[in-house]
Amino acid sequence: MQIIESQKIYDVIIVGSGAGGGMATKVLADAGLKVAVMEAGPFFDPANPEQRTQLKWPYESPRRGAGTQRDFGEFDMAYGGWNIEGEPYNNIGDTKFDWFRSRMLGGRTNHWGRISLRFGPNDFKAKDRDGLGENWPIGYDDVKPYYDKVDKLIGIFGSNEKRVNDPDGFFLPAPKPRLHELYYIKGAKKSNVDVIPSRLSILTKRINNDRGVCFFCGQCNRSCSVYADFSSGSCLIFPAQKNGGQVDLYVNSMVSEVTIDDNGKANGVKYINKEDRQLYKIKGKIVVLAASACSSARILLNSKSEKFPNGLGNSSGLIGKYLHDSTGTDRAVFVPELMNRKRYNEDGVGGLHVYSPWWLDNKKLDFPRGYHIEIWGGMGMPGYGTGFDANGLNKYLGLTVGGYGNGLREDVKKFYGSVIGMSGRGESIARKENYCEIDPTTVDEFGIPVLRFNYQWSDFERKQAKHMHETFEEIGHNMGGVVLGDAPGKDQNYGLLNPGRIIHEVGTTRMGSDPKTSVVNEFERLHDVENVFVVDAGPFVSQADKNPTWTILALAWRTSDYIIEELKKQNL
Amino acid sequence: MDRRDSLKSMILGSMAVGLTLESCVNTTAPEIIEEKIWKYTYGRTPKEAVFDQELMLEQFFEESELQTIKTLANIILPPNEHGTVEQAGVVDFIEFMVKDVPEFQVKIRGGLMWLNNTCNSKFNTSFVNCTEAQQKEILDSIAFPVMEVDEQVQEIQFFSLMRNLVLTGYFTSEVGIKELDYKGNMPNVWDGVPQEVLDDHGLSYDAEWLTKCMDPNNRDEVAQWDDEGNLIT
């Protein structure tokens with residue numbers, strides 16, 4: 001099969017259109033560079049009525065919102081999921097790594113929770129505190145100016161709290177807590193657990209005249225049709241185009257490898273056009289990988305050549321290693337005082353209005369690193385599952401469970417909005433033994449070798465999950481609730497979800513000063529190849545108990561600025 | 001091309017390449033295909049749209065089974081002034097879901113058979129032809145999960161599944177959502193819990209917390225901050 005080669009030479013080829021790729025597109029195109037954006041899925045615009053799911057009612061679909069087609073329910077705006085037909089991945093031994101991919105312009109930013117937490121000064125230097133893992137070669141002060149710029153460009157609500165490791169920023173005002181969140185605050189205060197307004201990239205106030213303002217439908221996971229939440233397409237790529245930027249979007253284009261010239265410099269990428277299933281090559285002076293931590297690792301490992309037999313940029317042998325996801329476990333609480341609620345619209349923003357940042361000192365605990373608590377509940381829109389086990393909670397009231405007849409209508413109405421959930425999301429320790437690598441036994445439908453995963457939690461993470469449940473139980477009781485179910489025991493890893501489940505996988509091309517122990521330098525440039533950069537979460541040395549997106553964005557901007565500077569100096 | 005036409009060409013275009021669908025298309029009357037395609041619009045990708053069309057054009061349950069489901073659904077949730085299982089489209093929903101979740105198929109078909117076999121043995125007639133008292137006599141033996149055991153017997157599992165599907169089908173319908181009195185899914189401005197609700201629960205907003213919160217009156221002004229991150233608009 002012949003490779004179809006384009007003669008056009010781009011200044012930069014960006015692989016992936018999620019948070020990192022979107023930010024690189026915006027900054028580099030605004031600087032006047034000719035940019036190609038490679039996206040493995042279709043074009044997506046949340047304002048397009050044919051793709052829109054926002055404000056749809058469950059009865060507008062024959063399955064009423066069930067998650068059989070999209071894992072988070074069929075109105076969720078991620079084309080893809082834990083498994084994608086024709087694009088498998090494998091696990092080694094008893095590993096149970098779950099890998100979530102979204103194939104569409106904007107990637108996973110179209111459906112994510114918008115929880116946008118800066119890393120704090122301690123997070124960049126965690127090894128100094130407990131001797132575990134590795135420090136980042138950069139610190140909070142290096143990233144702070146970019147966090148500030150991201151806040152102002154994209155918009156985030158929250159509050160300045162003067163907390164050392166949860167730095168202040170440039171926040172839009174927070175939405176007031178909902179009723180169940182006031183119950184949570186009450187319970188958490190009694191338990192001496194801090195609670196502050198959440199920090200979500202949703203526009204509670206106008207940030208510019210191109211994007212709308214939140215109208216409180218609570219459906220950010222469906223991607224906002226007025227662009228009032230952060231999705232990479234609507235907030236970065238479209239504005240870059242609108243700004244006159246030279247941006248060519250290559251959609252349905254699955255990048256298989258980065259190509260190099262005789263001097264070992266990258267000169268383009270190969271990709272398969274999913275529509276005609278032909279192999280193409282485009283040329284670029286610089287390649288920026290932003291395909292997601294694992295996908296970028298896969299592309300690099302598949303970019304084998306005489307000069308780079310183990311994959312591009314892999315002289316350290318560390319590409320794919322140090323893969324780590326956030327820890328996570330959840331618990332629900334039934335609050336009898338929340339039965340028979342007065343009805344009013346409390347959709348609010350899509351997600352929590354309050355949260356608990358990490359509040360303890362690990363010196364007094366049997367596990368390292370912290371976690372934060374996310375809160376959910378309320379009188380949300382019914383969907384597939386509403387009415388399941390309609391009166392199961394009756395057992396806590398000494399009433400009959402089961403039956404039939406119109407009493408069930410009353411049961412459903414009685415319990416609507418009476419359950420509050422808590423989710424712990426914490427920091428795991430990056431370990432070399434947890435990795436993804438190329439599986440030589442399997443290719444995807446495009447003929448590209450796939451990844452296989454090897455990942456085990458350690459006691460650090462298990463003990464953290466145990467602590468989460470102890471906290472949930474205490475807070476649950478303190479808000480006057482009945483904590484549902486038993487605390488998961490040791491045989492269930494204390495409820496710790498499978499790695500990958502929190503969808504914060506990071507670390508596969510980690511950053512460092514020493515080319516022997518890291519893959520990219522502090523500007524996310526491959527140690528081995530001077531014109532290849534990685535701007536997704538691959539370079540994360542550690543992931544804190546913070547969701548990675550805001551740091552991906554800040555670092556992608558910082559790296560893009562560096563690329564522009566180097567081009568000016570003609571160093572690239 | 002208007003939206004309806006472009007969606008239609010998208011779906012029909014994708015259909016043309018789906019060989020499995022051809023047989024359905026050939027045997028289903030055009031007006032039925034038209035109706036099934038246009039009943040729902042909910043942001044499908046072309047591939048998802050084709051999959052859903054396939055399911056909608058297939059028929060799993062036989063007419064007698066649908067009749068039994070309908071009778072059962074009306075006992076689980078009898079009609080009242082708020083709405084009926086018919087208005088909520090519950091039977092169609094269950095017909096769709098057994099194709100969408102194939103694990104439901106044997107459970108429900110077998111459960112319906114169990115119901116009829118039991119009625120035949122006991123009353124010498126099928127479930128739908130039993131008197132209401134006879135129907136309830138049978139259902140009383142399967143409608144209450146046994147709290148002491150971890151795994152319920154088949155017929156109790158069957159009834160629980162039917163109850164789940166009937167209730168979720170009802171409360172995700174237009175009439176059901178109205179009865180539940182869900183107030184959202186429309187543009188609005190969230191400005192906190194209504195005072196009378198706070199009073200009912202003996203709760204109040206913390207004054208300091210409120211200083212961090214959104215003012216509905218100036219949220220259309222473009223945000224500006226001082227150097228310390230204090231919002232000044």
# chains A, B, ... in the order shown; residues from 1 in each chain; ligands from 1

call {"tool": "interface_residues", "arguments": {"of": "chain B", "to": "chain A", "cutoff": "7 Å", "atoms": "only C-alpha atoms", "output": "PyMOL selection string"}}
result
chain B and resi 40-44+75-78+93+96-97+100+143-145+164+167-168+171-174+180-193+212-214+219-223+225+229

call {"tool": "select_by_dssp", "arguments": {"residues": "region 125-210 of chain B", "states": "alpha helix (DSSP H)", "output": "PyMOL selection string"}}
result
chain B and resi 132-140+154-171+174-180+195-200+207-210

call {"tool": "residues_around", "arguments": {"residues": "Pro79 (chain B)", "least_positions_apart": "4", "cutoff": "12 Å", "atoms": "only C-alpha atoms", "output": "VMD selection string"}}
result
(chain A and resid 405 to 406 409) or (chain B and resid 70 to 71 73 to 75 83 to 88 170 175 to 176)

call {"tool": "residues_around", "arguments": {"residues": "Thr471 (chain A)", "least_positions_apart": "6", "cutoff": "12 Å", "atoms": "only C-alpha atoms", "output": "MDAnalysis selection string"}}
result
chainID A and resid 187:188 190:193 329:331 356 358:360 371:373 422:424 464:465 477:478 483 487

call {"tool": "closest_residue", "arguments": {"among": "B:Leu57, B:Phe51, B:Gly169, B:Val149", "to": "Ile94 (chain B)", "atoms": "only C-alpha atoms"}}
result
B:Gly169

call {"tool": "residues_around", "arguments": {"residues": "Ala332 (chain A)", "least_positions_apart": "5", "cutoff": "10 Å", "atoms": "only C-alpha atoms", "output": "VMD selection string"}}
result
chain A and resid 375 to 377 419 to 423 472 to 473 476 481 to 485

call {"tool": "closest_residue", "arguments": {"among": "A:Ser223, A:Asn273, A:Asn302, A:Ser6", "to": "Pro440 (chain A)", "atoms": "only C-alpha atoms"}}
result
A:Asn302

call {"tool": "atom_distance", "arguments": {"atom1": "CA of Leu203 (chain B)", "atom2": "CA of Pro216 (chain B)"}}
result
21.9 Å

call {"tool": "residues_around", "arguments": {"residues": "His527 (chain A)", "least_positions_apart": "5", "cutoff": "12 Å", "atoms": "only C-alpha atoms", "output": "NGL selection string"}}
result
:A and (265 or 312-316 or 318-319 or 509-522 or 532-534 or 539)

call {"tool": "write_last_selection", "arguments": {"atoms": "N, CA and C atoms", "output": "compact mmCIF listing (two decimals), in the first residue's frame"}}
result
# COMPACT_ATOMS: atom_id res chain seq x y z
N LYS A 265 15.60 13.93 13.53
CA LYS A 265 14.60 14.92 13.92
C LYS A 265 13.25 14.51 13.34
N LEU A 312 10.44 6.12 19.72
CA LEU A 312 11.00 7.48 19.68
C LEU A 312 11.05 8.09 21.09
N GLY A 313 12.25 8.61 21.42
CA GLY A 313 12.39 9.29 22.72
C GLY A 313 12.50 8.35 23.89
N ASN A 314 12.77 7.08 23.60
CA ASN A 314 12.71 6.07 24.66
C ASN A 314 14.07 5.52 25.05
N SER A 315 15.14 6.34 24.94
CA SER A 315 16.46 5.83 25.32
C SER A 315 16.50 5.46 26.80
N SER A 316 15.67 6.09 27.59
CA SER A 316 15.61 5.76 29.02
C SER A 316 14.86 4.47 29.27
N LEU A 318 11.75 4.39 29.60
CA LEU A 318 10.72 4.73 30.59
C LEU A 318 9.37 5.12 29.99
N ILE A 319 9.28 5.16 28.67
CA ILE A 319 7.97 5.52 28.10
C ILE A 319 6.95 4.44 28.47
N THR A 509 5.17 9.62 30.24
CA THR A 509 6.35 10.22 29.58
C THR A 509 6.91 11.25 30.56
N ARG A 510 7.36 10.76 31.70
CA ARG A 510 7.51 11.70 32.81
C ARG A 510 8.65 12.70 32.63
N MET A 511 8.44 13.82 33.28
CA MET A 511 9.32 14.98 33.18
C MET A 511 10.49 14.86 34.16
N GLY A 512 11.67 15.31 33.74
CA GLY A 512 12.79 15.33 34.66
C GLY A 512 13.99 16.00 34.02
N SER A 513 15.00 16.28 34.83
CA SER A 513 16.20 16.92 34.30
C SER A 513 17.18 15.88 33.75
N ASP A 514 17.10 14.66 34.25
CA ASP A 514 18.06 13.63 33.88
C ASP A 514 17.47 12.71 32.81
N PRO A 515 18.07 12.70 31.60
CA PRO A 515 17.53 11.87 30.51
C PRO A 515 17.52 10.38 30.83
N LYS A 516 18.27 9.97 31.85
CA LYS A 516 18.28 8.55 32.20
C LYS A 516 17.04 8.16 33.01
N THR A 517 16.47 9.14 33.71
CA THR A 517 15.35 8.80 34.59
C THR A 517 14.05 9.51 34.20
N SER A 518 14.05 10.09 33.04
CA SER A 518 12.82 10.77 32.60
C SER A 518 12.78 10.81 31.08
N VAL A 519 11.63 11.15 30.54
CA VAL A 519 11.42 11.11 29.09
C VAL A 519 11.45 12.50 28.48
N VAL A 520 10.82 13.47 29.18
CA VAL A 520 10.81 14.85 28.66
C VAL A 520 11.50 15.77 29.67
N ASN A 521 11.91 16.92 29.16
CA ASN A 521 12.53 17.90 30.06
C ASN A 521 11.47 18.82 30.65
N GLU A 522 11.90 19.84 31.34
CA GLU A 522 10.92 20.66 32.06
C GLU A 522 10.04 21.48 31.13
N VAL A 532 10.14 17.36 19.30
CA VAL A 532 8.92 16.64 19.69
C VAL A 532 8.59 16.97 21.15
N PHE A 533 7.36 17.39 21.36
CA PHE A 533 6.89 17.77 22.70
C PHE A 533 5.67 16.92 23.08
N VAL A 534 5.44 16.78 24.38
CA VAL A 534 4.27 16.04 24.86
C VAL A 534 3.50 16.95 25.82
N PRO A 539 3.63 13.81 30.88
CA PRO A 539 4.80 14.30 31.62
C PRO A 539 4.62 14.44 33.14

call {"tool": "closest_residue", "arguments": {"among": "A:Asp151, A:Glu374, A:Glu505, A:Glu445", "to": "Ile84 (chain A)", "atoms": "only C-alpha atoms"}}
result
A:Glu445

call {"tool": "atom_distance", "arguments": {"atom1": "CA of Ser198 (chain A)", "atom2": "CA of Ile115 (chain A)"}}
result
7.6 Å

call {"tool": "closest_residue", "arguments": {"among": "B:Thr233, B:Ser126, B:Gln67, B:Asn116", "to": "Asp215 (chain B)", "atoms": "only C-alpha atoms"}}
result
B:Thr233

call {"tool": "closest_residue", "arguments": {"among": "B:Asn117, B:Gln105, B:Asn124, B:Thr131", "to": "Phe158 (chain B)", "atoms": "only C-alpha atoms"}}
result
B:Gln105

call {"tool": "residues_around", "arguments": {"residues": "Gly22 (chain A)", "least_positions_apart": "2", "cutoff": "6 Å", "atoms": "only C-alpha atoms", "output": "VMD selection string"}}
result
chain A and resid 17 to 20 24 to 25 232 236 to 237

call {"tool": "decode", "arguments": {"residues": "region 125-149 of chain A", "atoms": "N, CA and C atoms", "output": "short mmCIF file (atom, residue, chain, number, x, y, z; two decimals), in the first residue's frame"}}
result
data_model
loop_
_atom_site.label_atom_id
_atom_site.label_comp_id
_atom_site.auth_asym_id
_atom_site.auth_seq_id
_atom_site.Cartn_x
_atom_site.Cartn_y
_atom_site.Cartn_z
N LYS A 125 6.66 18.93 44.92
CA LYS A 125 7.86 18.46 45.64
C LYS A 125 7.48 17.46 46.73
N ALA A 126 6.61 16.55 46.40
CA ALA A 126 6.08 15.65 47.43
C ALA A 126 7.16 14.72 47.99
N LYS A 127 8.15 14.38 47.18
CA LYS A 127 9.20 13.48 47.67
C LYS A 127 9.96 14.11 48.84
N ASP A 128 10.10 15.43 48.81
CA ASP A 128 10.77 16.11 49.92
C ASP A 128 10.08 15.84 51.25
N ARG A 129 8.80 15.58 51.18
CA ARG A 129 8.03 15.43 52.42
C ARG A 129 7.97 13.98 52.90
N ASP A 130 7.88 13.03 51.98
CA ASP A 130 7.73 11.64 52.45
C ASP A 130 8.72 10.66 51.81
N GLY A 131 9.61 11.17 50.95
CA GLY A 131 10.63 10.30 50.37
C GLY A 131 10.12 9.35 49.30
N LEU A 132 8.86 9.49 48.92
CA LEU A 132 8.28 8.56 47.95
C LEU A 132 8.19 9.20 46.58
N GLY A 133 8.22 8.37 45.56
CA GLY A 133 8.07 8.87 44.19
C GLY A 133 9.22 9.77 43.81
N GLU A 134 8.93 10.80 43.06
CA GLU A 134 9.97 11.71 42.58
C GLU A 134 9.42 13.14 42.61
N ASN A 135 10.29 14.10 42.82
CA ASN A 135 9.89 15.50 42.71
C ASN A 135 9.77 15.90 41.24
N TRP A 136 8.95 16.90 40.97
CA TRP A 136 8.96 17.52 39.65
C TRP A 136 10.23 18.38 39.54
N PRO A 137 10.77 18.54 38.33
CA PRO A 137 11.93 19.43 38.20
C PRO A 137 11.53 20.91 38.27
N ILE A 138 10.25 21.17 38.19
CA ILE A 138 9.74 22.54 38.29
C ILE A 138 8.89 22.65 39.55
N GLY A 139 8.62 23.89 39.95
CA GLY A 139 7.82 24.08 41.15
C GLY A 139 6.60 24.94 40.87
N TYR A 140 5.84 25.18 41.92
CA TYR A 140 4.60 25.95 41.75
C TYR A 140 4.87 27.32 41.12
N ASP A 141 5.96 27.97 41.51
CA ASP A 141 6.23 29.31 40.99
C ASP A 141 6.44 29.31 39.47
N ASP A 142 6.94 28.21 38.94
CA ASP A 142 7.12 28.12 37.49
C ASP A 142 5.77 28.06 36.76
N VAL A 143 4.81 27.45 37.41
CA VAL A 143 3.54 27.19 36.74
C VAL A 143 2.50 28.25 37.07
N LYS A 144 2.66 28.91 38.23
CA LYS A 144 1.65 29.87 38.69
C LYS A 144 1.23 30.89 37.63
N PRO A 145 2.17 31.53 36.93
CA PRO A 145 1.72 32.53 35.94
C PRO A 145 0.80 31.92 34.88
N TYR A 146 1.04 30.66 34.57
CA TYR A 146 0.20 30.00 33.55
C TYR A 146 -1.15 29.60 34.12
N TYR A 147 -1.17 29.13 35.37
CA TYR A 147 -2.46 28.88 36.00
C TYR A 147 -3.29 30.18 35.98
N ASP A 148 -2.64 31.29 36.30
CA ASP A 148 -3.36 32.57 36.32
C ASP A 148 -3.95 32.87 34.94
N LYS A 149 -3.13 32.65 33.91
CA LYS A 149 -3.60 32.96 32.55
C LYS A 149 -4.72 32.02 32.13
#
